[in-house]
Amino acid sequence: MFGAATAAYQIEGGWNADGKGWSMWDYIVRTDPTHIADNRTGDIAANSYNLYKRDVEMLKELGAKVYRFSISWPRILPYGRANYVNPYGVAYYNALIDELLANGITPFVTMYHWDLPQNLSEQGGWQNEDIVGWFEAYARVLYQHFGDRVKHWLTINEPYIHCYQGFVTTRHAPRWHLPATGFYECGRHILLAHAKAYHLYQNEFKSQGGQVGIVLSMDWAYPDTDSEDDAEAVKDYFAFHLGQFMDPIFTEQGNYPQRLIDRVANRSMSQGFSTSRLRPFSQEQIDLIKGTSDFLALNHYTSDIVYRNDSVIGMFEVPSFSDDAGFGTYKHPSWPTSSSLWLVEHAEGFYNLLLYIKDTYNSPTIYVTENGFSTGTGLNDDGRVQYLRNYLTALSDAIAAGVDVRGYCAWSLMDNFEWAFGYIPRFGLYEVDIDDPGRPRTPRKSALVYKEIISTRTIDWEYNPDPYAEANNSVSLRPYLFIISVALLNVTVAWSPKGGLPLGDQATVTKTLIYDKAET
């Protein structure tokens, strides 16, 4: 299934509408506004709280069959706890879900995409193990109110990024500088909360006929040199990033990767700690977490080159998560850049990552729930067009190599509030005029290209639509229906050298792939 993705705080607005409580992002943008690059907030954002029907219309224009969105915890539970459920919040998401289904679009619903209720944050948030129970109670409310129609639940978005940016770099809410233990405690509690929500569904709501998974993020990594140190650094890159959350859920033995356990324990002992700063799980907790995902929701954007040499000594605060990992990264200068320093295009890394997950974790079912490229304002987003084509080519090659990918969501359906960067980087297939009170949405070239890919099932490098002509003529994108993962689906993919980073020969090539994936 092809679709697009968004997140509540980034697009909804309505920050205090109809009984919604404060999130920790509502708090941050008010108490520390200069932390946001453009001094703006998500108070209105793309105003999807009022414009959700237009959002669904955009999805239908694209021919999308799936929409991944998140539910705002404080819109449903204004005080964080389940003793009061906001009926207006329930009504909003009921209306959105019903509108999607009426238009033949499947909702993929993220329970938590970083907008923790502020009063729970003030009680310790993800540093307090009580949040495991708070999240389970919140999940119960969602299953009860929406589970009759929602069949794909995604518990928590990107625990690595959430914990790292929230408690190590402090770029994201809650901005608590806890470099020695904050990341590990946050990650531990997220894994336990996810597991509780998963088992709750299996034990009490399985009759609804849905599935529950978790959203994990991962980039690809190459060693800087052929040295043993760099080879070990790449192994630690995977253990500290993906492995810390993937291994406890998707391996037969469960638990953290052993190299992660050993490295943090050794660093802790050398620093005078009596125990490891990475608290161990009990066997009961290992068993609780193991196997708690019906699929992997994967977010992928870019690749890194990883090194470990003398230059890393003294690079990071001690003690800290980053010092424990003990490697540096950089981007290859030949990889095309975006408007975000952290994001470069290297589609081959996407292919490599998908095969790595297949081979390392017993070929889980994968939904790609975020993949995208940032540009500036304007409708001619050629960088995003090239990125989209190259990464979908890599995805097609991975499926042909046996990776069980069932769907793909581009990030993002529309321009949104990009956390500490505000509205400076634009990720939207649709441009949103943030300065216009009406928040009009206009399709970029990438939206027209994505629509063409969906409708023709072909990546055509010669297709060069004019988004300004489309906008000036007020021509609506025609709705198409597309399902990528059906039995015996023929998909034709064409590329040429001008595409940037093609996977395969440097001449124009056409290939036909026959997938035998059953739609879920």
# chains A, B, ... in the order shown; residues from 1 in each chain; ligands from 1
$ residues_around --residues "region 295-311 of chain A" --least-positions-apart "3" --cutoff "6 Å" --atoms "only C-alpha atoms" --output "NGL selection string"
:A and (213-224 or 229-230 or 233 or 327-331 or 343-344 or 349 or 365-371)
$ write_last_selection --atoms "N, CA, C and O atoms" --output "short mmCIF file (atom, residue, chain, number, x, y, z; two decimals), in the first residue's frame"
data_model
loop_
_atom_site.label_atom_id
_atom_site.label_comp_id
_atom_site.auth_asym_id
_atom_site.auth_seq_id
_atom_site.Cartn_x
_atom_site.Cartn_y
_atom_site.Cartn_z
N GLY A 213 2.09 -2.88 16.29
CA GLY A 213 3.53 -2.86 16.06
C GLY A 213 4.15 -1.63 16.69
O GLY A 213 3.47 -0.82 17.32
N ILE A 214 5.45 -1.49 16.52
CA ILE A 214 6.19 -0.34 17.03
C ILE A 214 6.92 0.31 15.87
O ILE A 214 7.26 -0.35 14.89
N VAL A 215 7.18 1.62 15.98
CA VAL A 215 7.87 2.38 14.94
C VAL A 215 9.32 2.58 15.34
O VAL A 215 9.60 3.26 16.34
N LEU A 216 10.24 2.01 14.58
CA LEU A 216 11.67 2.17 14.85
C LEU A 216 12.34 2.89 13.69
O LEU A 216 11.99 2.67 12.54
N SER A 217 13.31 3.73 14.03
CA SER A 217 14.05 4.48 13.01
C SER A 217 15.45 3.91 12.88
O SER A 217 16.04 3.44 13.86
N MET A 218 16.00 3.96 11.67
CA MET A 218 17.36 3.50 11.48
C MET A 218 17.93 4.04 10.19
O MET A 218 17.26 4.05 9.16
N ASP A 219 19.17 4.51 10.26
CA ASP A 219 19.94 4.89 9.09
C ASP A 219 20.89 3.73 8.74
O ASP A 219 21.07 2.81 9.52
N TRP A 220 21.49 3.80 7.57
CA TRP A 220 22.50 2.82 7.21
C TRP A 220 23.87 3.37 7.56
O TRP A 220 24.05 4.59 7.68
N ALA A 221 24.85 2.48 7.76
CA ALA A 221 26.20 2.91 8.15
C ALA A 221 27.25 2.14 7.37
O ALA A 221 27.14 0.93 7.19
N TYR A 222 28.29 2.87 6.96
CA TYR A 222 29.47 2.30 6.32
C TYR A 222 30.69 2.60 7.18
O TYR A 222 30.79 3.71 7.76
N PRO A 223 31.66 1.69 7.27
CA PRO A 223 32.90 2.03 7.97
C PRO A 223 33.73 3.03 7.15
O PRO A 223 33.76 2.97 5.92
N ASP A 224 34.38 3.93 7.86
CA ASP A 224 35.18 4.95 7.18
C ASP A 224 36.39 4.34 6.48
O ASP A 224 36.76 4.75 5.37
N ASP A 229 38.98 -1.13 14.03
CA ASP A 229 38.27 -0.17 14.88
C ASP A 229 37.01 0.35 14.20
O ASP A 229 35.95 0.46 14.84
N ASP A 230 37.11 0.68 12.92
CA ASP A 230 35.93 1.17 12.22
C ASP A 230 34.88 0.08 12.02
O ASP A 230 33.67 0.34 12.09
N ALA A 233 33.14 -0.16 15.22
CA ALA A 233 32.30 1.03 15.41
C ALA A 233 30.97 0.87 14.69
O ALA A 233 29.92 1.27 15.22
N PHE A 327 31.79 6.45 18.89
CA PHE A 327 32.13 6.55 17.48
C PHE A 327 31.70 7.92 16.96
O PHE A 327 30.87 8.60 17.53
N GLY A 328 32.28 8.32 15.85
CA GLY A 328 31.88 9.54 15.16
C GLY A 328 31.25 9.20 13.82
O GLY A 328 31.42 8.08 13.30
N THR A 329 30.52 10.15 13.27
CA THR A 329 29.87 9.94 11.97
C THR A 329 30.02 11.18 11.10
O THR A 329 30.20 12.28 11.60
N TYR A 330 29.93 10.97 9.80
CA TYR A 330 29.86 12.09 8.86
C TYR A 330 29.17 11.62 7.59
O TYR A 330 28.92 10.42 7.41
N LYS A 331 28.84 12.56 6.73
CA LYS A 331 28.18 12.26 5.46
C LYS A 331 29.19 12.36 4.32
O LYS A 331 30.03 13.26 4.31
N LEU A 343 20.37 15.24 6.79
CA LEU A 343 19.69 14.43 5.78
C LEU A 343 20.35 14.59 4.41
O LEU A 343 20.35 15.68 3.82
N VAL A 344 20.93 13.50 3.94
CA VAL A 344 21.45 13.45 2.57
C VAL A 344 20.82 12.24 1.87
O VAL A 344 20.30 11.33 2.51
N GLY A 349 21.75 2.87 0.68
CA GLY A 349 21.70 2.56 2.10
C GLY A 349 20.34 2.01 2.52
O GLY A 349 20.25 1.15 3.41
N THR A 365 7.68 -8.81 8.76
CA THR A 365 6.84 -7.98 7.90
C THR A 365 7.14 -6.52 8.19
O THR A 365 7.17 -6.10 9.35
N ILE A 366 7.38 -5.74 7.14
CA ILE A 366 7.77 -4.34 7.29
C ILE A 366 6.78 -3.43 6.59
O ILE A 366 6.36 -3.69 5.45
N TYR A 367 6.40 -2.36 7.28
CA TYR A 367 5.75 -1.22 6.65
C TYR A 367 6.71 -0.04 6.78
O TYR A 367 7.14 0.28 7.89
N VAL A 368 7.07 0.57 5.67
CA VAL A 368 7.90 1.78 5.72
C VAL A 368 6.96 2.94 6.04
O VAL A 368 6.12 3.32 5.22
N THR A 369 7.08 3.47 7.26
CA THR A 369 6.10 4.46 7.73
C THR A 369 6.60 5.89 7.68
O THR A 369 5.82 6.81 7.93
N GLU A 370 7.89 6.09 7.36
CA GLU A 370 8.41 7.42 7.06
C GLU A 370 9.60 7.27 6.13
O GLU A 370 10.48 6.43 6.35
N ASN A 371 9.64 8.12 5.12
CA ASN A 371 10.79 8.23 4.22
C ASN A 371 10.60 9.52 3.45
O ASN A 371 9.57 9.70 2.79
#
$ residues_around --residues "region 284-287 of chain A" --least-positions-apart "5" --cutoff "12 Å" --atoms "only C-alpha atoms" --output "MDAnalysis selection string"
chainID A and resid 188:189 191:196 199 247:256 279 292
$ select_by_dssp --residues "region 262-421 of chain A" --states "alpha helix (DSSP H)" --output "PyMOL selection string"
chain A and resi 262-270+283-289+321-325+347-360+382-400
$ select_by_dssp --residues "region 188-320 of chain A" --states "strand (DSSP E or B)" --output "PyMOL selection string"
chain A and resi 211-217+220-223+296-299+303-307
$ closest_residue --among "A:Val56, A:Ile454, A:Ala7, A:Val29" --to "Glu99 (chain A)" --atoms "only C-alpha atoms"
A:Val56
$ atom_distance --atom1 "CA of Gly187 (chain A)" --atom2 "CA of Gly272 (chain A)"
23.2 Å
$ residues_around --residues "Asp324 (chain A)" --least-positions-apart "3" --cutoff "12 Å" --atoms "only C-alpha atoms" --output "PDB file with N, CA, C and O atoms, in the first residue's frame"
ATOM      1  N   PRO A 179      22.553  13.005  30.378  1.00  0.00           N
ATOM      2  CA  PRO A 179      23.325  12.231  29.396  1.00  0.00           C
ATOM      3  C   PRO A 179      23.786  10.864  29.881  1.00  0.00           C
ATOM      4  O   PRO A 179      23.977   9.958  29.068  1.00  0.00           O
ATOM      5  N   ALA A 180      23.969  10.684  31.196  1.00  0.00           N
ATOM      6  CA  ALA A 180      24.517   9.420  31.701  1.00  0.00           C
ATOM      7  C   ALA A 180      23.488   8.302  31.704  1.00  0.00           C
ATOM      8  O   ALA A 180      23.799   7.148  31.375  1.00  0.00           O
ATOM      9  N   THR A 181      22.256   8.606  32.090  1.00  0.00           N
ATOM     10  CA  THR A 181      21.235   7.564  32.249  1.00  0.00           C
ATOM     11  C   THR A 181      19.919   7.877  31.551  1.00  0.00           C
ATOM     12  O   THR A 181      19.090   6.980  31.382  1.00  0.00           O
ATOM     13  N   PHE A 183      18.878   8.559  28.504  1.00  0.00           N
ATOM     14  CA  PHE A 183      18.534   7.818  27.295  1.00  0.00           C
ATOM     15  C   PHE A 183      18.127   6.392  27.638  1.00  0.00           C
ATOM     16  O   PHE A 183      17.116   5.876  27.147  1.00  0.00           O
ATOM     17  N   TYR A 184      18.908   5.737  28.478  1.00  0.00           N
ATOM     18  CA  TYR A 184      18.656   4.324  28.783  1.00  0.00           C
ATOM     19  C   TYR A 184      17.346   4.142  29.558  1.00  0.00           C
ATOM     20  O   TYR A 184      16.587   3.199  29.286  1.00  0.00           O
ATOM     21  N   ALA A 233      33.143  -0.156  15.224  1.00  0.00           N
ATOM     22  CA  ALA A 233      32.303   1.026  15.412  1.00  0.00           C
ATOM     23  C   ALA A 233      30.968   0.869  14.693  1.00  0.00           C
ATOM     24  O   ALA A 233      29.916   1.266  15.216  1.00  0.00           O
ATOM     25  N   ASP A 236      28.769  -1.306  16.726  1.00  0.00           N
ATOM     26  CA  ASP A 236      28.209  -0.560  17.852  1.00  0.00           C
ATOM     27  C   ASP A 236      27.139   0.428  17.394  1.00  0.00           C
ATOM     28  O   ASP A 236      26.156   0.667  18.102  1.00  0.00           O
ATOM     29  N   TYR A 237      27.325   0.995  16.213  1.00  0.00           N
ATOM     30  CA  TYR A 237      26.315   1.884  15.634  1.00  0.00           C
ATOM     31  C   TYR A 237      24.966   1.167  15.568  1.00  0.00           C
ATOM     32  O   TYR A 237      23.929   1.712  15.960  1.00  0.00           O
ATOM     33  N   ALA A 239      24.105  -1.628  17.243  1.00  0.00           N
ATOM     34  CA  ALA A 239      23.667  -2.070  18.571  1.00  0.00           C
ATOM     35  C   ALA A 239      23.046  -0.936  19.366  1.00  0.00           C
ATOM     36  O   ALA A 239      22.020  -1.117  20.033  1.00  0.00           O
ATOM     37  N   PHE A 240      23.657   0.244  19.332  1.00  0.00           N
ATOM     38  CA  PHE A 240      23.176   1.380  20.112  1.00  0.00           C
ATOM     39  C   PHE A 240      21.959   2.052  19.481  1.00  0.00           C
ATOM     40  O   PHE A 240      21.203   2.729  20.179  1.00  0.00           O
ATOM     41  N   ARG A 259      26.613  -6.834  22.989  1.00  0.00           N
ATOM     42  CA  ARG A 259      27.706  -5.863  22.876  1.00  0.00           C
ATOM     43  C   ARG A 259      27.305  -4.520  23.491  1.00  0.00           C
ATOM     44  O   ARG A 259      28.154  -3.798  24.009  1.00  0.00           O
ATOM     45  N   LEU A 260      26.038  -4.165  23.447  1.00  0.00           N
ATOM     46  CA  LEU A 260      25.549  -2.960  24.123  1.00  0.00           C
ATOM     47  C   LEU A 260      25.655  -3.128  25.636  1.00  0.00           C
ATOM     48  O   LEU A 260      26.149  -2.233  26.348  1.00  0.00           O
ATOM     49  N   ILE A 261      25.185  -4.265  26.145  1.00  0.00           N
ATOM     50  CA  ILE A 261      25.257  -4.542  27.582  1.00  0.00           C
ATOM     51  C   ILE A 261      26.699  -4.459  28.056  1.00  0.00           C
ATOM     52  O   ILE A 261      27.006  -3.787  29.070  1.00  0.00           O
ATOM     53  N   ASP A 262      27.604  -5.115  27.347  1.00  0.00           N
ATOM     54  CA  ASP A 262      29.011  -5.172  27.771  1.00  0.00           C
ATOM     55  C   ASP A 262      29.681  -3.808  27.690  1.00  0.00           C
ATOM     56  O   ASP A 262      30.420  -3.413  28.602  1.00  0.00           O
ATOM     57  N   ARG A 263      29.424  -3.078  26.632  1.00  0.00           N
ATOM     58  CA  ARG A 263      30.122  -1.807  26.456  1.00  0.00           C
ATOM     59  C   ARG A 263      29.699  -0.785  27.515  1.00  0.00           C
ATOM     60  O   ARG A 263      30.542  -0.095  28.094  1.00  0.00           O
ATOM     61  N   VAL A 264      28.388  -0.702  27.791  1.00  0.00           N
ATOM     62  CA  VAL A 264      27.933   0.261  28.796  1.00  0.00           C
ATOM     63  C   VAL A 264      28.396  -0.163  30.188  1.00  0.00           C
ATOM     64  O   VAL A 264      28.801   0.676  31.005  1.00  0.00           O
ATOM     65  N   ALA A 265      28.360  -1.456  30.470  1.00  0.00           N
ATOM     66  CA  ALA A 265      28.833  -1.947  31.774  1.00  0.00           C
ATOM     67  C   ALA A 265      30.313  -1.631  31.962  1.00  0.00           C
ATOM     68  O   ALA A 265      30.728  -1.141  33.036  1.00  0.00           O
ATOM     69  N   ASN A 266      31.123  -1.879  30.946  1.00  0.00           N
ATOM     70  CA  ASN A 266      32.560  -1.616  31.065  1.00  0.00           C
ATOM     71  C   ASN A 266      32.848  -0.132  31.237  1.00  0.00           C
ATOM     72  O   ASN A 266      33.697   0.257  32.053  1.00  0.00           O
ATOM     73  N   ARG A 267      32.149   0.701  30.480  1.00  0.00           N
ATOM     74  CA  ARG A 267      32.340   2.137  30.622  1.00  0.00           C
ATOM     75  C   ARG A 267      31.901   2.609  32.004  1.00  0.00           C
ATOM     76  O   ARG A 267      32.563   3.443  32.640  1.00  0.00           O
ATOM     77  N   SER A 268      30.800   2.073  32.496  1.00  0.00           N
ATOM     78  CA  SER A 268      30.293   2.463  33.818  1.00  0.00           C
ATOM     79  C   SER A 268      31.280   2.090  34.914  1.00  0.00           C
ATOM     80  O   SER A 268      31.567   2.897  35.819  1.00  0.00           O
ATOM     81  N   MET A 269      31.811   0.865  34.863  1.00  0.00           N
ATOM     82  CA  MET A 269      32.767   0.430  35.880  1.00  0.00           C
ATOM     83  C   MET A 269      34.033   1.293  35.861  1.00  0.00           C
ATOM     84  O   MET A 269      34.569   1.672  36.906  1.00  0.00           O
ATOM     85  N   SER A 270      34.499   1.634  34.656  1.00  0.00           N
ATOM     86  CA  SER A 270      35.720   2.433  34.540  1.00  0.00           C
ATOM     87  C   SER A 270      35.525   3.857  35.063  1.00  0.00           C
ATOM     88  O   SER A 270      36.509   4.541  35.378  1.00  0.00           O
ATOM     89  N   GLN A 271      34.266   4.273  35.159  1.00  0.00           N
ATOM     90  CA  GLN A 271      33.955   5.620  35.642  1.00  0.00           C
ATOM     91  C   GLN A 271      33.588   5.642  37.121  1.00  0.00           C
ATOM     92  O   GLN A 271      33.187   6.685  37.651  1.00  0.00           O
ATOM     93  N   SER A 276      26.022  -1.024  36.150  1.00  0.00           N
ATOM     94  CA  SER A 276      25.907  -0.437  34.819  1.00  0.00           C
ATOM     95  C   SER A 276      24.839   0.644  34.795  1.00  0.00           C
ATOM     96  O   SER A 276      23.780   0.524  35.439  1.00  0.00           O
ATOM     97  N   ARG A 277      25.104   1.693  34.027  1.00  0.00           N
ATOM     98  CA  ARG A 277      24.103   2.745  33.843  1.00  0.00           C
ATOM     99  C   ARG A 277      22.956   2.292  32.941  1.00  0.00           C
ATOM    100  O   ARG A 277      21.926   2.967  32.863  1.00  0.00           O
ATOM    101  N   LEU A 278      23.123   1.172  32.273  1.00  0.00           N
ATOM    102  CA  LEU A 278      22.039   0.530  31.528  1.00  0.00           C
ATOM    103  C   LEU A 278      21.426  -0.529  32.432  1.00  0.00           C
ATOM    104  O   LEU A 278      21.964  -1.624  32.601  1.00  0.00           O
ATOM    105  N   VAL A 312      38.047  10.676  18.314  1.00  0.00           N
ATOM    106  CA  VAL A 312      36.816  10.492  19.093  1.00  0.00           C
ATOM    107  C   VAL A 312      37.070  10.724  20.584  1.00  0.00           C
ATOM    108  O   VAL A 312      36.154  11.079  21.334  1.00  0.00           O
ATOM    109  N   ILE A 313      38.327  10.566  21.023  1.00  0.00           N
ATOM    110  CA  ILE A 313      38.658  10.760  22.442  1.00  0.00           C
ATOM    111  C   ILE A 313      38.401  12.208  22.833  1.00  0.00           C
ATOM    112  O   ILE A 313      38.908  13.141  22.206  1.00  0.00           O
ATOM    113  N   GLY A 314      37.571  12.408  23.848  1.00  0.00           N
ATOM    114  CA  GLY A 314      37.228  13.746  24.305  1.00  0.00           C
ATOM    115  C   GLY A 314      36.144  14.430  23.495  1.00  0.00           C
ATOM    116  O   GLY A 314      35.801  15.584  23.772  1.00  0.00           O
ATOM    117  N   MET A 315      35.591  13.740  22.498  1.00  0.00           N
ATOM    118  CA  MET A 315      34.558  14.352  21.653  1.00  0.00           C
ATOM    119  C   MET A 315      33.239  14.530  22.402  1.00  0.00           C
ATOM    120  O   MET A 315      32.491  15.477  22.142  1.00  0.00           O
ATOM    121  N   PHE A 316      32.954  13.627  23.364  1.00  0.00           N
ATOM    122  CA  PHE A 316      31.650  13.621  24.018  1.00  0.00           C
ATOM    123  C   PHE A 316      31.776  13.833  25.521  1.00  0.00           C
ATOM    124  O   PHE A 316      32.822  13.547  26.127  1.00  0.00           O
ATOM    125  N   GLU A 317      30.695  14.306  26.098  1.00  0.00           N
ATOM    126  CA  GLU A 317      30.610  14.448  27.548  1.00  0.00           C
ATOM    127  C   GLU A 317      30.756  13.081  28.215  1.00  0.00           C
ATOM    128  O   GLU A 317      30.297  12.070  27.692  1.00  0.00           O
ATOM    129  N   VAL A 318      31.399  13.065  29.368  1.00  0.00           N
ATOM    130  CA  VAL A 318      31.619  11.830  30.124  1.00  0.00           C
ATOM    131  C   VAL A 318      31.035  11.994  31.521  1.00  0.00           C
ATOM    132  O   VAL A 318      31.345  12.964  32.212  1.00  0.00           O
ATOM    133  N   PRO A 319      30.183  11.058  31.973  1.00  0.00           N
ATOM    134  CA  PRO A 319      29.632   9.919  31.237  1.00  0.00           C
ATOM    135  C   PRO A 319      28.452  10.342  30.379  1.00  0.00           C
ATOM    136  O   PRO A 319      27.715  11.266  30.725  1.00  0.00           O
ATOM    137  N   SER A 320      28.226   9.632  29.312  1.00  0.00           N
ATOM    138  CA  SER A 320      27.082   9.919  28.456  1.00  0.00           C
ATOM    139  C   SER A 320      26.828   8.756  27.521  1.00  0.00           C
ATOM    140  O   SER A 320      27.719   7.932  27.268  1.00  0.00           O
ATOM    141  N   PHE A 321      25.627   8.716  26.996  1.00  0.00           N
ATOM    142  CA  PHE A 321      25.268   7.731  25.980  1.00  0.00           C
ATOM    143  C   PHE A 321      26.221   7.811  24.792  1.00  0.00           C
ATOM    144  O   PHE A 321      26.698   6.795  24.285  1.00  0.00           O
ATOM    145  N   PHE A 327      31.787   6.449  18.894  1.00  0.00           N
ATOM    146  CA  PHE A 327      32.129   6.551  17.480  1.00  0.00           C
ATOM    147  C   PHE A 327      31.702   7.918  16.960  1.00  0.00           C
ATOM    148  O   PHE A 327      30.867   8.602  17.534  1.00  0.00           O
ATOM    149  N   GLY A 328      32.285   8.323  15.851  1.00  0.00           N
ATOM    150  CA  GLY A 328      31.883   9.536  15.158  1.00  0.00           C
ATOM    151  C   GLY A 328      31.246   9.199  13.825  1.00  0.00           C
ATOM    152  O   GLY A 328      31.421   8.081  13.302  1.00  0.00           O
TER     153      GLY A 328
END
$ closest_residue --among "A:His332, A:Lys290, A:Arg439, A:Lys206" --to "Tyr49 (chain A)" --atoms "only C-alpha atoms"
A:Arg439
$ closest_atom_pairs --of "region 48-118 of chain A" --to "region 398-419 of chain A" --cutoff "9 Å" --atoms "only C-alpha atoms" --output "tab-separated table"
residue	atom	partner	partner_atom	distance
A:Asp55	CA	A:Leu413	CA	8.2
A:Met58	CA	A:Leu413	CA	8.2
A:Leu59	CA	A:Leu413	CA	7.8
A:Ala64	CA	A:Cys409	CA	9.0
A:Val66	CA	A:Cys409	CA	7.7
A:Tyr67	CA	A:Cys409	CA	7.6
A:Arg68	CA	A:Cys409	CA	7.3
$ closest_residue --among "A:Leu200, A:Ala471, A:Ala8, A:Ala420" --to "Asp32 (chain A)" --atoms "only C-alpha atoms"
A:Ala420
$ closest_residue --among "A:Tyr450, A:Phe135, A:Tyr143, A:Trp114" --to "Gln386 (chain A)" --atoms "only C-alpha atoms"
A:Tyr450
$ residues_around --residues "region 36-38 of chain A" --least-positions-apart "5" --cutoff "12 Å" --atoms "only C-alpha atoms" --output "list of chain:residue names"
A:Trp25, A:Ile28, A:Val29, A:Arg30, A:Thr31, A:Arg171, A:His172, A:Ala173, A:Phe417, A:Glu418, A:Trp419, A:Ala420, A:Phe421, A:Gly422, A:Tyr423, A:Ile424, A:Pro425
$ residues_around --residues "Glu204 (chain A)" --least-positions-apart "5" --cutoff "12 Å" --atoms "only C-alpha atoms" --output "number ranges by chain"
A: 139-140, 143-144, 147, 196-199, 209-210
$ write_last_selection --atoms "all heavy atoms" --output "short mmCIF file (atom, residue, chain, number, x, y, z; two decimals), in the first residue's frame"
data_model
loop_
_atom_site.label_atom_id
_atom_site.label_comp_id
_atom_site.auth_asym_id
_atom_site.auth_seq_id
_atom_site.Cartn_x
_atom_site.Cartn_y
_atom_site.Cartn_z
N ALA A 139 -3.68 3.42 26.01
CA ALA A 139 -3.92 2.49 24.90
C ALA A 139 -5.29 1.85 25.01
O ALA A 139 -5.99 1.67 24.00
CB ALA A 139 -2.83 1.42 24.88
N ARG A 140 -5.70 1.52 26.21
CA ARG A 140 -7.02 0.92 26.41
C ARG A 140 -8.13 1.86 25.91
O ARG A 140 -9.07 1.44 25.23
CB ARG A 140 -7.25 0.60 27.89
CG ARG A 140 -8.61 -0.07 28.16
CD ARG A 140 -8.87 -0.19 29.66
NE ARG A 140 -7.87 -1.03 30.29
CZ ARG A 140 -7.92 -2.36 30.32
NH1 ARG A 140 -8.94 -2.99 29.75
NH2 ARG A 140 -6.97 -3.05 30.92
N TYR A 143 -8.14 1.73 22.07
CA TYR A 143 -8.74 0.49 21.58
C TYR A 143 -10.26 0.52 21.75
O TYR A 143 -11.00 0.09 20.85
CB TYR A 143 -8.18 -0.72 22.33
CG TYR A 143 -6.70 -0.98 22.17
CD1 TYR A 143 -5.98 -1.59 23.21
CD2 TYR A 143 -6.01 -0.66 21.01
CE1 TYR A 143 -4.63 -1.86 23.09
CE2 TYR A 143 -4.66 -0.92 20.87
CZ TYR A 143 -3.97 -1.52 21.93
OH TYR A 143 -2.63 -1.78 21.81
N GLN A 144 -10.71 1.02 22.89
CA GLN A 144 -12.14 1.04 23.16
C GLN A 144 -12.91 1.95 22.21
O GLN A 144 -14.01 1.61 21.76
CB GLN A 144 -12.39 1.48 24.60
CG GLN A 144 -12.01 0.45 25.65
CD GLN A 144 -12.08 1.01 27.07
OE1 GLN A 144 -11.97 2.22 27.29
NE2 GLN A 144 -12.25 0.12 28.04
N GLY A 147 -10.96 1.04 18.00
CA GLY A 147 -10.52 -0.27 17.56
C GLY A 147 -11.49 -1.00 16.66
O GLY A 147 -11.09 -1.94 15.97
N LYS A 196 3.30 -3.66 27.22
CA LYS A 196 2.03 -3.68 27.95
C LYS A 196 0.86 -3.40 27.01
O LYS A 196 -0.20 -4.04 27.08
CB LYS A 196 2.07 -2.66 29.08
CG LYS A 196 2.89 -3.10 30.28
CD LYS A 196 2.18 -4.17 31.08
CE LYS A 196 2.86 -4.43 32.41
NZ LYS A 196 2.14 -5.44 33.22
N ALA A 197 1.03 -2.41 26.13
CA ALA A 197 -0.04 -2.08 25.18
C ALA A 197 -0.29 -3.23 24.22
O ALA A 197 -1.44 -3.52 23.84
CB ALA A 197 0.32 -0.81 24.42
N TYR A 198 0.77 -3.91 23.81
CA TYR A 198 0.63 -5.05 22.90
C TYR A 198 -0.14 -6.17 23.57
O TYR A 198 -1.10 -6.71 23.00
CB TYR A 198 2.01 -5.54 22.46
CG TYR A 198 1.94 -6.73 21.53
CD1 TYR A 198 1.85 -6.56 20.16
CD2 TYR A 198 1.98 -8.04 22.04
CE1 TYR A 198 1.78 -7.65 19.30
CE2 TYR A 198 1.91 -9.13 21.18
CZ TYR A 198 1.81 -8.93 19.81
OH TYR A 198 1.72 -10.02 18.97
N HIS A 199 0.26 -6.55 24.78
CA HIS A 199 -0.41 -7.65 25.48
C HIS A 199 -1.84 -7.29 25.83
O HIS A 199 -2.72 -8.17 25.83
CB HIS A 199 0.38 -8.03 26.73
CG HIS A 199 1.65 -8.75 26.42
ND1 HIS A 199 1.69 -9.99 25.80
CD2 HIS A 199 2.95 -8.41 26.66
CE1 HIS A 199 2.95 -10.39 25.67
NE2 HIS A 199 3.74 -9.45 26.17
N GLY A 209 -9.70 -7.79 15.54
CA GLY A 209 -9.10 -8.23 14.29
C GLY A 209 -7.95 -7.39 13.77
O GLY A 209 -7.64 -7.44 12.58
N GLY A 210 -7.29 -6.66 14.67
CA GLY A 210 -6.21 -5.79 14.22
C GLY A 210 -4.84 -6.31 14.57
O GLY A 210 -4.67 -7.43 15.09
#
